[in-house]
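**Student:** Would you mind keeping the following structure in view while I ask a few things?
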Amino acid sequence: MALSYVVTARLSDYFKDSYLKAIAEANSGGTFKLPDDIAASRDSHNDYLAELSASGKMYCAGPFDDFSAALFIFENVTRQEVDEILRKDSHVQNGFIPEWEVREWHHRF
């Protein structure tokens, strides 16, 4: 039984509001367009998460539907590494993830 870590990361109101606005615009026939700072951070964030996934350190990640928070599940890392990984994320560095909670999780199936 491997010990994993589940992270609930709060997303900033600016990030949440920008995503919801872009989705609403796209759903009404417009273009999905994020502010430039979020779009640039997203590209770096997604590349970083792809690397973590490929290395076996991250099991999965994604935002909740209301964009108030995101969930990450990390494996094959220590508790200290989880915070180090998060601090290196562009969304954290740009203030779009201002805080997070880490909990130990037993991944059984």
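Identifiers in the structure tokens: chain A, B, ... in order shown; residue index from 1 per chain; ligand index from 1 in order shown.
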Name the residues in contact with A:Tyr5 at a cut-off of 7 Å, using only C-alpha atoms, excluding same-chain residues fewer than 4 positions from it; report them as a PDB file with N, CA and C atoms, in the first residue's frame.

**Tutor:**
```
ATOM      1  N   ILE A  73      -3.007  14.809  -7.064  1.00  0.00           N
ATOM      2  CA  ILE A  73      -2.628  13.613  -6.312  1.00  0.00           C
ATOM      3  C   ILE A  73      -1.203  13.255  -6.714  1.00  0.00           C
ATOM      4  N   PHE A  74      -0.324  13.250  -5.708  1.00  0.00           N
ATOM      5  CA  PHE A  74       1.094  12.957  -5.924  1.00  0.00           C
ATOM      6  C   PHE A  74       1.431  11.592  -5.352  1.00  0.00           C
ATOM      7  N   GLU A  75       2.313  10.885  -6.029  1.00  0.00           N
ATOM      8  CA  GLU A  75       2.801   9.577  -5.590  1.00  0.00           C
ATOM      9  C   GLU A  75       4.317   9.541  -5.735  1.00  0.00           C
ATOM     10  N   VAL A 102      -2.385  19.915   2.082  1.00  0.00           N
ATOM     11  CA  VAL A 102      -1.846  18.607   1.716  1.00  0.00           C
ATOM     12  C   VAL A 102      -2.317  17.585   2.752  1.00  0.00           C
ATOM     13  N   ARG A 103      -2.824  16.480   2.245  1.00  0.00           N
ATOM     14  CA  ARG A 103      -3.252  15.388   3.135  1.00  0.00           C
ATOM     15  C   ARG A 103      -2.670  14.070   2.643  1.00  0.00           C
ATOM     16  N   GLU A 104      -2.289  13.234   3.583  1.00  0.00           N
ATOM     17  CA  GLU A 104      -1.814  11.891   3.234  1.00  0.00           C
ATOM     18  C   GLU A 104      -3.022  11.071   2.774  1.00  0.00           C
ATOM     19  N   TRP A 105      -2.769  10.233   1.787  1.00  0.00           N
ATOM     20  CA  TRP A 105      -3.841   9.423   1.212  1.00  0.00           C
ATOM     21  C   TRP A 105      -3.262   8.041   0.908  1.00  0.00           C
TER      22      TRP A 105
END
```

**Student:** Mind listing the strand (DSSP E or B) residues of chain A, per DSSP on the backbone, as an MDAnalysis selection string?

**Tutor:** chainID A and resid 2:10 58:63 69:74 99:107

**Student:** Take the residues just selected and output them with N, CA and C atoms as a PDB file, in the first residue's frame.

**Tutor:**
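result-v6.pdb written:
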```
ATOM      1  N   ALA A   2       0.808   2.021  -1.050  1.00  0.00           N
ATOM      2  CA  ALA A   2       1.658   3.202  -1.203  1.00  0.00           C
ATOM      3  C   ALA A   2       1.002   4.419  -0.563  1.00  0.00           C
ATOM      4  N   LEU A   3       1.811   5.221   0.108  1.00  0.00           N
ATOM      5  CA  LEU A   3       1.325   6.471   0.669  1.00  0.00           C
ATOM      6  C   LEU A   3       1.422   7.550  -0.404  1.00  0.00           C
ATOM      7  N   SER A   4       0.328   8.243  -0.625  1.00  0.00           N
ATOM      8  CA  SER A   4       0.269   9.311  -1.609  1.00  0.00           C
ATOM      9  C   SER A   4      -0.166  10.588  -0.903  1.00  0.00           C
ATOM     10  N   TYR A   5      -0.179  11.672  -1.632  1.00  0.00           N
ATOM     11  CA  TYR A   5      -0.593  12.956  -1.077  1.00  0.00           C
ATOM     12  C   TYR A   5      -1.641  13.585  -1.972  1.00  0.00           C
ATOM     13  N   VAL A   6      -2.735  14.025  -1.361  1.00  0.00           N
ATOM     14  CA  VAL A   6      -3.798  14.729  -2.059  1.00  0.00           C
ATOM     15  C   VAL A   6      -3.679  16.196  -1.684  1.00  0.00           C
ATOM     16  N   VAL A   7      -3.645  17.042  -2.694  1.00  0.00           N
ATOM     17  CA  VAL A   7      -3.530  18.480  -2.481  1.00  0.00           C
ATOM     18  C   VAL A   7      -4.785  19.152  -3.008  1.00  0.00           C
ATOM     19  N   THR A   8      -5.400  19.947  -2.157  1.00  0.00           N
ATOM     20  CA  THR A   8      -6.476  20.827  -2.585  1.00  0.00           C
ATOM     21  C   THR A   8      -5.878  22.224  -2.621  1.00  0.00           C
ATOM     22  N   ALA A   9      -5.811  22.796  -3.803  1.00  0.00           N
ATOM     23  CA  ALA A   9      -5.179  24.100  -4.006  1.00  0.00           C
ATOM     24  C   ALA A   9      -6.249  25.140  -4.318  1.00  0.00           C
ATOM     25  N   ARG A  10      -6.330  26.168  -3.483  1.00  0.00           N
ATOM     26  CA  ARG A  10      -7.297  27.234  -3.734  1.00  0.00           C
ATOM     27  C   ARG A  10      -6.809  28.084  -4.911  1.00  0.00           C
ATOM     28  N   MET A  58       3.225  12.455 -10.205  1.00  0.00           N
ATOM     29  CA  MET A  58       1.861  12.944 -10.106  1.00  0.00           C
ATOM     30  C   MET A  58       0.913  11.944 -10.754  1.00  0.00           C
ATOM     31  N   TYR A  59      -0.108  11.573 -10.021  1.00  0.00           N
ATOM     32  CA  TYR A  59      -1.104  10.624 -10.504  1.00  0.00           C
ATOM     33  C   TYR A  59      -2.155  11.326 -11.361  1.00  0.00           C
ATOM     34  N   CYS A  60      -2.658  12.471 -10.877  1.00  0.00           N
ATOM     35  CA  CYS A  60      -3.640  13.224 -11.639  1.00  0.00           C
ATOM     36  C   CYS A  60      -3.759  14.632 -11.076  1.00  0.00           C
ATOM     37  N   ALA A  61      -4.382  15.518 -11.859  1.00  0.00           N
ATOM     38  CA  ALA A  61      -4.596  16.898 -11.431  1.00  0.00           C
ATOM     39  C   ALA A  61      -5.688  17.515 -12.270  1.00  0.00           C
ATOM     40  N   GLY A  62      -6.370  18.499 -11.697  1.00  0.00           N
ATOM     41  CA  GLY A  62      -7.370  19.239 -12.454  1.00  0.00           C
ATOM     42  C   GLY A  62      -8.194  20.133 -11.561  1.00  0.00           C
ATOM     43  N   PRO A  63      -8.845  21.130 -12.180  1.00  0.00           N
ATOM     44  CA  PRO A  63      -9.665  22.073 -11.414  1.00  0.00           C
ATOM     45  C   PRO A  63     -11.059  21.507 -11.143  1.00  0.00           C
ATOM     46  N   ALA A  69     -10.988  25.873  -6.854  1.00  0.00           N
ATOM     47  CA  ALA A  69      -9.836  25.101  -6.372  1.00  0.00           C
ATOM     48  C   ALA A  69      -9.476  24.042  -7.409  1.00  0.00           C
ATOM     49  N   ALA A  70      -8.309  23.437  -7.187  1.00  0.00           N
ATOM     50  CA  ALA A  70      -7.861  22.329  -8.034  1.00  0.00           C
ATOM     51  C   ALA A  70      -7.403  21.196  -7.123  1.00  0.00           C
ATOM     52  N   LEU A  71      -7.405  20.002  -7.662  1.00  0.00           N
ATOM     53  CA  LEU A  71      -6.990  18.821  -6.920  1.00  0.00           C
ATOM     54  C   LEU A  71      -5.773  18.211  -7.609  1.00  0.00           C
ATOM     55  N   PHE A  72      -4.786  17.838  -6.817  1.00  0.00           N
ATOM     56  CA  PHE A  72      -3.595  17.149  -7.302  1.00  0.00           C
ATOM     57  C   PHE A  72      -3.412  15.902  -6.457  1.00  0.00           C
ATOM     58  N   ILE A  73      -3.007  14.809  -7.064  1.00  0.00           N
ATOM     59  CA  ILE A  73      -2.628  13.613  -6.312  1.00  0.00           C
ATOM     60  C   ILE A  73      -1.203  13.255  -6.714  1.00  0.00           C
ATOM     61  N   PHE A  74      -0.324  13.250  -5.708  1.00  0.00           N
ATOM     62  CA  PHE A  74       1.094  12.957  -5.924  1.00  0.00           C
ATOM     63  C   PHE A  74       1.431  11.592  -5.352  1.00  0.00           C
ATOM     64  N   GLU A  99      -2.745  29.341  -1.932  1.00  0.00           N
ATOM     65  CA  GLU A  99      -2.607  28.450  -0.774  1.00  0.00           C
ATOM     66  C   GLU A  99      -3.079  27.058  -1.137  1.00  0.00           C
ATOM     67  N   TRP A 100      -2.632  26.095  -0.339  1.00  0.00           N
ATOM     68  CA  TRP A 100      -3.024  24.710  -0.574  1.00  0.00           C
ATOM     69  C   TRP A 100      -3.006  23.942   0.729  1.00  0.00           C
ATOM     70  N   GLU A 101      -3.720  22.819   0.710  1.00  0.00           N
ATOM     71  CA  GLU A 101      -3.751  21.896   1.839  1.00  0.00           C
ATOM     72  C   GLU A 101      -3.284  20.540   1.337  1.00  0.00           C
ATOM     73  N   VAL A 102      -2.385  19.915   2.082  1.00  0.00           N
ATOM     74  CA  VAL A 102      -1.846  18.607   1.716  1.00  0.00           C
ATOM     75  C   VAL A 102      -2.317  17.585   2.752  1.00  0.00           C
ATOM     76  N   ARG A 103      -2.824  16.480   2.245  1.00  0.00           N
ATOM     77  CA  ARG A 103      -3.252  15.388   3.135  1.00  0.00           C
ATOM     78  C   ARG A 103      -2.670  14.070   2.643  1.00  0.00           C
ATOM     79  N   GLU A 104      -2.289  13.234   3.583  1.00  0.00           N
ATOM     80  CA  GLU A 104      -1.814  11.891   3.234  1.00  0.00           C
ATOM     81  C   GLU A 104      -3.022  11.071   2.774  1.00  0.00           C
ATOM     82  N   TRP A 105      -2.769  10.233   1.787  1.00  0.00           N
ATOM     83  CA  TRP A 105      -3.841   9.423   1.212  1.00  0.00           C
ATOM     84  C   TRP A 105      -3.262   8.041   0.908  1.00  0.00           C
ATOM     85  N   HIS A 106      -4.011   7.009   1.222  1.00  0.00           N
ATOM     86  CA  HIS A 106      -3.586   5.642   0.927  1.00  0.00           C
ATOM     87  C   HIS A 106      -4.234   5.186  -0.367  1.00  0.00           C
ATOM     88  N   HIS A 107      -3.451   5.148  -1.409  1.00  0.00           N
ATOM     89  CA  HIS A 107      -3.940   4.732  -2.735  1.00  0.00           C
ATOM     90  C   HIS A 107      -3.950   3.221  -2.773  1.00  0.00           C
TER      91      HIS A 107
END
```

**Student:** Which polymer residues have any atom within 7 Å of an atom of stretch 84-93 of chain A, counting only C-alpha atoms, with same-chain residues fewer than 4 positions away left out, as number ranges by chain?

**Tutor:** A: 41, 44-45, 80, 97-98

**Student:** Between A:Pro35, A:Glu81, A:Ser68, A:Asn76, single out the one closest to A:Ser12, counting only C-alpha atoms.

**Tutor:** A:Ser68

**Student:** Any idea what's packed within 7 Å of stretch 19-23 of chain A, counting only C-alpha atoms, ignoring anything in its chain fewer than 6 positions away? Could you give it as a PyMOL selection string?

**Tutor:** chain A and resi 32-34

**Student:** Just N, CA and C atoms for this one: save the residues we selected as an mmCIF file, in the first residue's frame.

**Tutor:**
```cif
data_model
loop_
_atom_site.group_PDB
_atom_site.id
_atom_site.type_symbol
_atom_site.label_atom_id
_atom_site.label_comp_id
_atom_site.auth_asym_id
_atom_site.auth_seq_id
_atom_site.Cartn_x
_atom_site.Cartn_y
_atom_site.Cartn_z
ATOM 1 N N PHE A 32 -12.862 31.570 -26.678
ATOM 2 C CA PHE A 32 -12.303 31.313 -25.351
ATOM 3 C C PHE A 32 -10.988 32.077 -25.272
ATOM 4 N N LYS A 33 -10.957 33.119 -24.463
ATOM 5 C CA LYS A 33 -9.766 33.970 -24.368
ATOM 6 C C LYS A 33 -9.499 34.293 -22.914
ATOM 7 N N LEU A 34 -8.328 33.867 -22.452
ATOM 8 C CA LEU A 34 -7.886 34.188 -21.102
ATOM 9 C C LEU A 34 -6.993 35.418 -21.128
#
```

**Student:** Hey, can you check how far atom CA of A:Leu52 sits from atom CA of A:Arg79?

**Tutor:**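 Atom-to-atom, atom CA of A:Leu52 to atom CA of A:Arg79, that is 15.2 Å.
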
**Student:** May I ask for the distance between atom CA of A:Ser18 and atom CA of A:Thr31, given in Å to one decimal place?

**Tutor:**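 Calculated distance between atom CA of A:Ser18 and atom CA of A:Thr31 is 13.2 Å.
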
**Student:** Between A:Glu25, A:Asp13, A:Asp43, A:Glu51, which residue has the minimum interatomic distance to A:Asp66, considering only C-alpha atoms?

**Tutor:** A:Asp13

**Student:** Calculate how many Å separate atom CA of A:Asp83 from atom CA of A:Asp47, rounding to one decimal.

**Tutor:**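 One can read the atom CA of A:Asp83 to atom CA of A:Asp47 distance as 18.2 Å.
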